[in-house]
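Written out below as structure tokens is the structure these notes cover.
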Amino acid sequence: MLLGGGEGSLVGPAAELSSVYDTALLSGMYAMFAGFFQAVALAGTAGIGAAELTGPLVRWLTAAADALPAFAREIDDREYGTTTSNLEINAVGLRNILAATEAQGLPTDLLAPLLRLFDDQVRAGHAASSLSRAVESLRADTGRL
């Protein structure tokens, strides 16, 4: 199984870009796997098998991935205005998911750090901003906010 898709691509003239792309792509992959493992564990508490969950989950994630190009534009432009799914509503939703997960006796170690990013941004006055603004808590040039 080739996790990287088995294709190479030229990413620019600077040799170090290759390792940054590799690390970034693998980071996204491992975060996706973490979400999959968390989803399987949670579904399992209700007797739903991993194979049974995977079809609907892949469809859901494929549809959710459609948001990434818009998030990318917001992040590159550092323009995070939205009239829909803002940080505040996502923080509430994720907090509810973590509570439900704990109620099932499962750890929240994989998703709790994401809630901390949301909460950082909400506390900094960005509750009405797009979900993509969470990246600002990770950027080296802006510190934690």
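Identifiers in this document derive from the order of the structure tokens: chains are assigned A, B, ..., residues are numbered from 1 separately in each chain, and ligands are numbered from 1 in order of occurrence.
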
Skipping near chain neighbours, those fewer than 5 positions away, what residues fall within 9 Å of stretch 84-87 of chain A using only C-alpha atoms, listed as a VMD selection string?
chain A and resid 92 118 to 119 121 to 122 126 to 134

Can you write out the residues you just picked, keeping all heavy atoms, as a JSON list (two decimals), in the first residue's frame?
[["chain", "number", "residue", "atom", "x", "y", "z"],
["A", 92, "VAL", "N", -18.69, 24.71, 20.22],
["A", 92, "VAL", "CA", -19.81, 24.10, 20.95],
["A", 92, "VAL", "C", -20.03, 22.67, 20.45],
["A", 92, "VAL", "O", -20.19, 21.74, 21.24],
["A", 92, "VAL", "CB", -21.10, 24.95, 20.78],
["A", 92, "VAL", "CG1", -22.33, 24.20, 21.28],
["A", 92, "VAL", "CG2", -20.95, 26.28, 21.50],
["A", 118, "PHE", "N", -9.73, 26.04, 18.86],
["A", 118, "PHE", "CA", -10.98, 26.78, 18.70],
["A", 118, "PHE", "C", -11.16, 27.75, 19.87],
["A", 118, "PHE", "O", -11.46, 28.94, 19.67],
["A", 118, "PHE", "CB", -12.19, 25.85, 18.64],
["A", 118, "PHE", "CG", -12.27, 24.95, 17.44],
["A", 118, "PHE", "CD1", -13.27, 24.00, 17.36],
["A", 118, "PHE", "CD2", -11.37, 25.02, 16.39],
["A", 118, "PHE", "CE1", -13.38, 23.16, 16.27],
["A", 118, "PHE", "CE2", -11.47, 24.18, 15.29],
["A", 118, "PHE", "CZ", -12.48, 23.25, 15.23],
["A", 119, "ASP", "N", -10.99, 27.23, 21.09],
["A", 119, "ASP", "CA", -11.18, 28.05, 22.29],
["A", 119, "ASP", "C", -10.19, 29.21, 22.35],
["A", 119, "ASP", "O", -10.55, 30.32, 22.76],
["A", 119, "ASP", "CB", -11.09, 27.20, 23.55],
["A", 119, "ASP", "CG", -12.31, 26.32, 23.77],
["A", 119, "ASP", "OD1", -13.37, 26.58, 23.15],
["A", 119, "ASP", "OD2", -12.21, 25.38, 24.57],
["A", 121, "GLN", "N", -8.96, 30.87, 19.87],
["A", 121, "GLN", "CA", -9.42, 31.89, 18.94],
["A", 121, "GLN", "C", -10.70, 32.58, 19.43],
["A", 121, "GLN", "O", -10.85, 33.79, 19.27],
["A", 121, "GLN", "CB", -9.61, 31.29, 17.55],
["A", 121, "GLN", "CG", -8.31, 30.89, 16.88],
["A", 121, "GLN", "CD", -7.39, 32.07, 16.67],
["A", 121, "GLN", "OE1", -7.80, 33.13, 16.22],
["A", 121, "GLN", "NE2", -6.12, 31.90, 17.03],
["A", 122, "VAL", "N", -11.59, 31.82, 20.03],
["A", 122, "VAL", "CA", -12.82, 32.42, 20.58],
["A", 122, "VAL", "C", -12.46, 33.39, 21.70],
["A", 122, "VAL", "O", -12.95, 34.53, 21.73],
["A", 122, "VAL", "CB", -13.80, 31.31, 21.06],
["A", 122, "VAL", "CG1", -14.94, 31.91, 21.86],
["A", 122, "VAL", "CG2", -14.34, 30.52, 19.86],
["A", 126, "HIS", "N", -12.47, 36.04, 18.28],
["A", 126, "HIS", "CA", -12.73, 35.63, 16.90],
["A", 126, "HIS", "C", -13.85, 34.59, 16.79],
["A", 126, "HIS", "O", -13.86, 33.78, 15.86],
["A", 126, "HIS", "CB", -11.45, 35.09, 16.28],
["A", 126, "HIS", "CG", -10.32, 36.05, 16.34],
["A", 126, "HIS", "ND1", -10.32, 37.24, 15.64],
["A", 126, "HIS", "CD2", -9.16, 36.01, 17.04],
["A", 126, "HIS", "CE1", -9.20, 37.89, 15.90],
["A", 126, "HIS", "NE2", -8.48, 37.17, 16.75],
["A", 127, "ALA", "N", -14.80, 34.63, 17.73],
["A", 127, "ALA", "CA", -15.88, 33.64, 17.74],
["A", 127, "ALA", "C", -16.67, 33.60, 16.44],
["A", 127, "ALA", "O", -17.10, 32.53, 16.00],
["A", 127, "ALA", "CB", -16.83, 33.91, 18.91],
["A", 128, "ALA", "N", -16.86, 34.74, 15.80],
["A", 128, "ALA", "CA", -17.66, 34.81, 14.58],
["A", 128, "ALA", "C", -16.85, 34.51, 13.33],
["A", 128, "ALA", "O", -17.40, 34.51, 12.22],
["A", 128, "ALA", "CB", -18.30, 36.20, 14.46],
["A", 129, "SER", "N", -15.57, 34.23, 13.48],
["A", 129, "SER", "CA", -14.70, 33.95, 12.33],
["A", 129, "SER", "C", -14.89, 32.54, 11.82],
["A", 129, "SER", "O", -15.37, 31.66, 12.53],
["A", 129, "SER", "CB", -13.24, 34.14, 12.72],
["A", 129, "SER", "OG", -12.97, 35.49, 13.00],
["A", 130, "SER", "N", -14.46, 32.34, 10.60],
["A", 130, "SER", "CA", -14.49, 31.01, 9.98],
["A", 130, "SER", "C", -13.68, 30.01, 10.79],
["A", 130, "SER", "O", -12.68, 30.35, 11.43],
["A", 130, "SER", "CB", -13.90, 31.10, 8.57],
["A", 130, "SER", "OG", -13.68, 29.82, 8.03],
["A", 131, "LEU", "N", -14.09, 28.79, 10.70],
["A", 131, "LEU", "CA", -13.37, 27.68, 11.34],
["A", 131, "LEU", "C", -11.90, 27.66, 10.93],
["A", 131, "LEU", "O", -11.03, 27.31, 11.72],
["A", 131, "LEU", "CB", -14.07, 26.38, 10.92],
["A", 131, "LEU", "CG", -13.51, 25.06, 11.38],
["A", 131, "LEU", "CD1", -13.53, 24.98, 12.90],
["A", 131, "LEU", "CD2", -14.32, 23.93, 10.79],
["A", 132, "SER", "N", -11.61, 28.08, 9.73],
["A", 132, "SER", "CA", -10.24, 28.05, 9.23],
["A", 132, "SER", "C", -9.30, 28.94, 10.04],
["A", 132, "SER", "O", -8.08, 28.75, 10.03],
["A", 132, "SER", "CB", -10.18, 28.46, 7.76],
["A", 132, "SER", "OG", -10.58, 29.80, 7.60],
["A", 133, "ARG", "N", -9.84, 29.88, 10.79],
["A", 133, "ARG", "CA", -9.00, 30.77, 11.60],
["A", 133, "ARG", "C", -8.24, 30.00, 12.69],
["A", 133, "ARG", "O", -7.25, 30.51, 13.23],
["A", 133, "ARG", "CB", -9.83, 31.89, 12.22],
["A", 133, "ARG", "CG", -8.90, 32.89, 12.89],
["A", 133, "ARG", "CD", -9.58, 34.07, 13.51],
["A", 133, "ARG", "NE", -8.57, 34.75, 14.27],
["A", 133, "ARG", "CZ", -7.72, 35.65, 13.78],
["A", 133, "ARG", "NH1", -7.79, 36.00, 12.51],
["A", 133, "ARG", "NH2", -6.80, 36.19, 14.55],
["A", 134, "ALA", "N", -8.65, 28.80, 13.01],
["A", 134, "ALA", "CA", -7.95, 27.99, 14.01],
["A", 134, "ALA", "C", -6.47, 27.85, 13.67],
["A", 134, "ALA", "O", -5.63, 27.70, 14.56],
["A", 134, "ALA", "CB", -8.60, 26.63, 14.15]]

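Residues surrounding A:Leu94 within 10 Å are A:Glu88, A:Ala100, A:Leu111, A:Ala112, A:Leu114, A:Leu115, A:Phe118 [only C-alpha atoms; sequence separation below 6 positions excluded].
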
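Residues within 12 Å of A:Val58, counting only C-alpha atoms and excluding same-chain residues fewer than 4 positions away, are Met32, Phe33, Gly35, Phe36, Ala39, Ala50, Ala51, Glu52, Leu53, Thr54, Thr62, Ala63, Ala64 and Ala65 of chain A.
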
Preceding selection exported with all heavy atoms as a tab-separated table (two decimals), in the first residue's frame:
chain	number	residue	atom	x	y	z
A	32	MET	N	-6.07	12.58	9.76
A	32	MET	CA	-7.24	11.88	9.23
A	32	MET	C	-7.36	10.49	9.85
A	32	MET	O	-8.44	10.06	10.25
A	32	MET	CB	-7.17	11.76	7.71
A	32	MET	CG	-8.36	11.02	7.11
A	32	MET	SD	-8.16	10.65	5.36
A	32	MET	CE	-6.79	9.50	5.39
A	33	PHE	N	-6.23	9.78	9.95
A	33	PHE	CA	-6.26	8.45	10.59
A	33	PHE	C	-6.72	8.56	12.04
A	33	PHE	O	-7.48	7.72	12.52
A	33	PHE	CB	-4.88	7.79	10.53
A	33	PHE	CG	-4.46	7.32	9.16
A	33	PHE	CD1	-3.14	6.96	8.94
A	33	PHE	CD2	-5.34	7.23	8.10
A	33	PHE	CE1	-2.73	6.50	7.70
A	33	PHE	CE2	-4.94	6.78	6.85
A	33	PHE	CZ	-3.63	6.41	6.65
A	35	GLY	N	-8.76	10.74	13.34
A	35	GLY	CA	-10.21	10.91	13.31
A	35	GLY	C	-10.92	9.60	12.99
A	35	GLY	O	-11.97	9.29	13.58
A	36	PHE	N	-10.36	8.83	12.07
A	36	PHE	CA	-10.95	7.53	11.73
A	36	PHE	C	-10.93	6.61	12.94
A	36	PHE	O	-11.94	5.98	13.27
A	36	PHE	CB	-10.19	6.90	10.56
A	36	PHE	CG	-10.57	5.48	10.27
A	36	PHE	CD1	-11.79	5.18	9.68
A	36	PHE	CD2	-9.72	4.44	10.61
A	36	PHE	CE1	-12.16	3.86	9.42
A	36	PHE	CE2	-10.08	3.11	10.35
A	36	PHE	CZ	-11.30	2.83	9.75
A	39	ALA	N	-13.49	7.74	15.45
A	39	ALA	CA	-14.84	7.43	14.98
A	39	ALA	C	-15.16	5.95	15.12
A	39	ALA	O	-16.25	5.58	15.56
A	39	ALA	CB	-14.99	7.87	13.51
A	50	ALA	N	-16.27	-1.40	12.36
A	50	ALA	CA	-15.45	-0.48	11.57
A	50	ALA	C	-15.83	-0.52	10.09
A	50	ALA	O	-15.94	0.52	9.44
A	50	ALA	CB	-13.97	-0.80	11.76
A	51	ALA	N	-16.02	-1.73	9.56
A	51	ALA	CA	-16.36	-1.86	8.14
A	51	ALA	C	-17.72	-1.22	7.84
A	51	ALA	O	-17.90	-0.59	6.80
A	51	ALA	CB	-16.36	-3.32	7.72
A	52	GLU	N	-18.66	-1.36	8.77
A	52	GLU	CA	-19.99	-0.77	8.60
A	52	GLU	C	-19.93	0.75	8.61
A	52	GLU	O	-20.64	1.43	7.86
A	52	GLU	CB	-20.90	-1.27	9.72
A	52	GLU	CG	-22.33	-0.82	9.63
A	52	GLU	CD	-23.19	-1.35	10.78
A	52	GLU	OE1	-22.74	-2.22	11.55
A	52	GLU	OE2	-24.33	-0.86	10.90
A	53	LEU	N	-19.08	1.31	9.45
A	53	LEU	CA	-18.96	2.77	9.57
A	53	LEU	C	-18.18	3.39	8.42
A	53	LEU	O	-18.44	4.53	8.02
A	53	LEU	CB	-18.26	3.12	10.89
A	53	LEU	CG	-18.01	4.61	11.13
A	53	LEU	CD1	-19.34	5.34	11.34
A	53	LEU	CD2	-17.08	4.80	12.29
A	54	THR	N	-17.24	2.65	7.86
A	54	THR	CA	-16.28	3.23	6.92
A	54	THR	C	-16.93	3.80	5.66
A	54	THR	O	-16.56	4.89	5.21
A	54	THR	CB	-15.18	2.22	6.58
A	54	THR	OG1	-14.48	1.91	7.80
A	54	THR	CG2	-14.19	2.78	5.58
A	62	THR	N	-15.34	12.90	2.29
A	62	THR	CA	-15.17	13.37	0.91
A	62	THR	C	-15.95	14.68	0.71
A	62	THR	O	-15.43	15.63	0.15
A	62	THR	CB	-15.62	12.30	-0.09
A	62	THR	OG1	-14.81	11.13	0.10
A	62	THR	CG2	-15.50	12.77	-1.52
A	63	ALA	N	-17.17	14.71	1.23
A	63	ALA	CA	-17.97	15.94	1.13
A	63	ALA	C	-17.33	17.05	1.96
A	63	ALA	O	-17.26	18.21	1.51
A	63	ALA	CB	-19.40	15.68	1.59
A	64	ALA	N	-16.84	16.74	3.15
A	64	ALA	CA	-16.21	17.74	4.01
A	64	ALA	C	-14.94	18.29	3.38
A	64	ALA	O	-14.61	19.47	3.54
A	64	ALA	CB	-15.92	17.15	5.39
A	65	ALA	N	-14.22	17.45	2.66
A	65	ALA	CA	-12.97	17.89	2.02
A	65	ALA	C	-13.22	18.98	0.99
A	65	ALA	O	-12.32	19.76	0.68
A	65	ALA	CB	-12.26	16.70	1.38

Give me every alpha helix (DSSP H) residue in chain A, going by DSSP on the backbone, as a PyMOL selection string.
chain A and resi 16-44+50-65+68-77+87-103+112-123
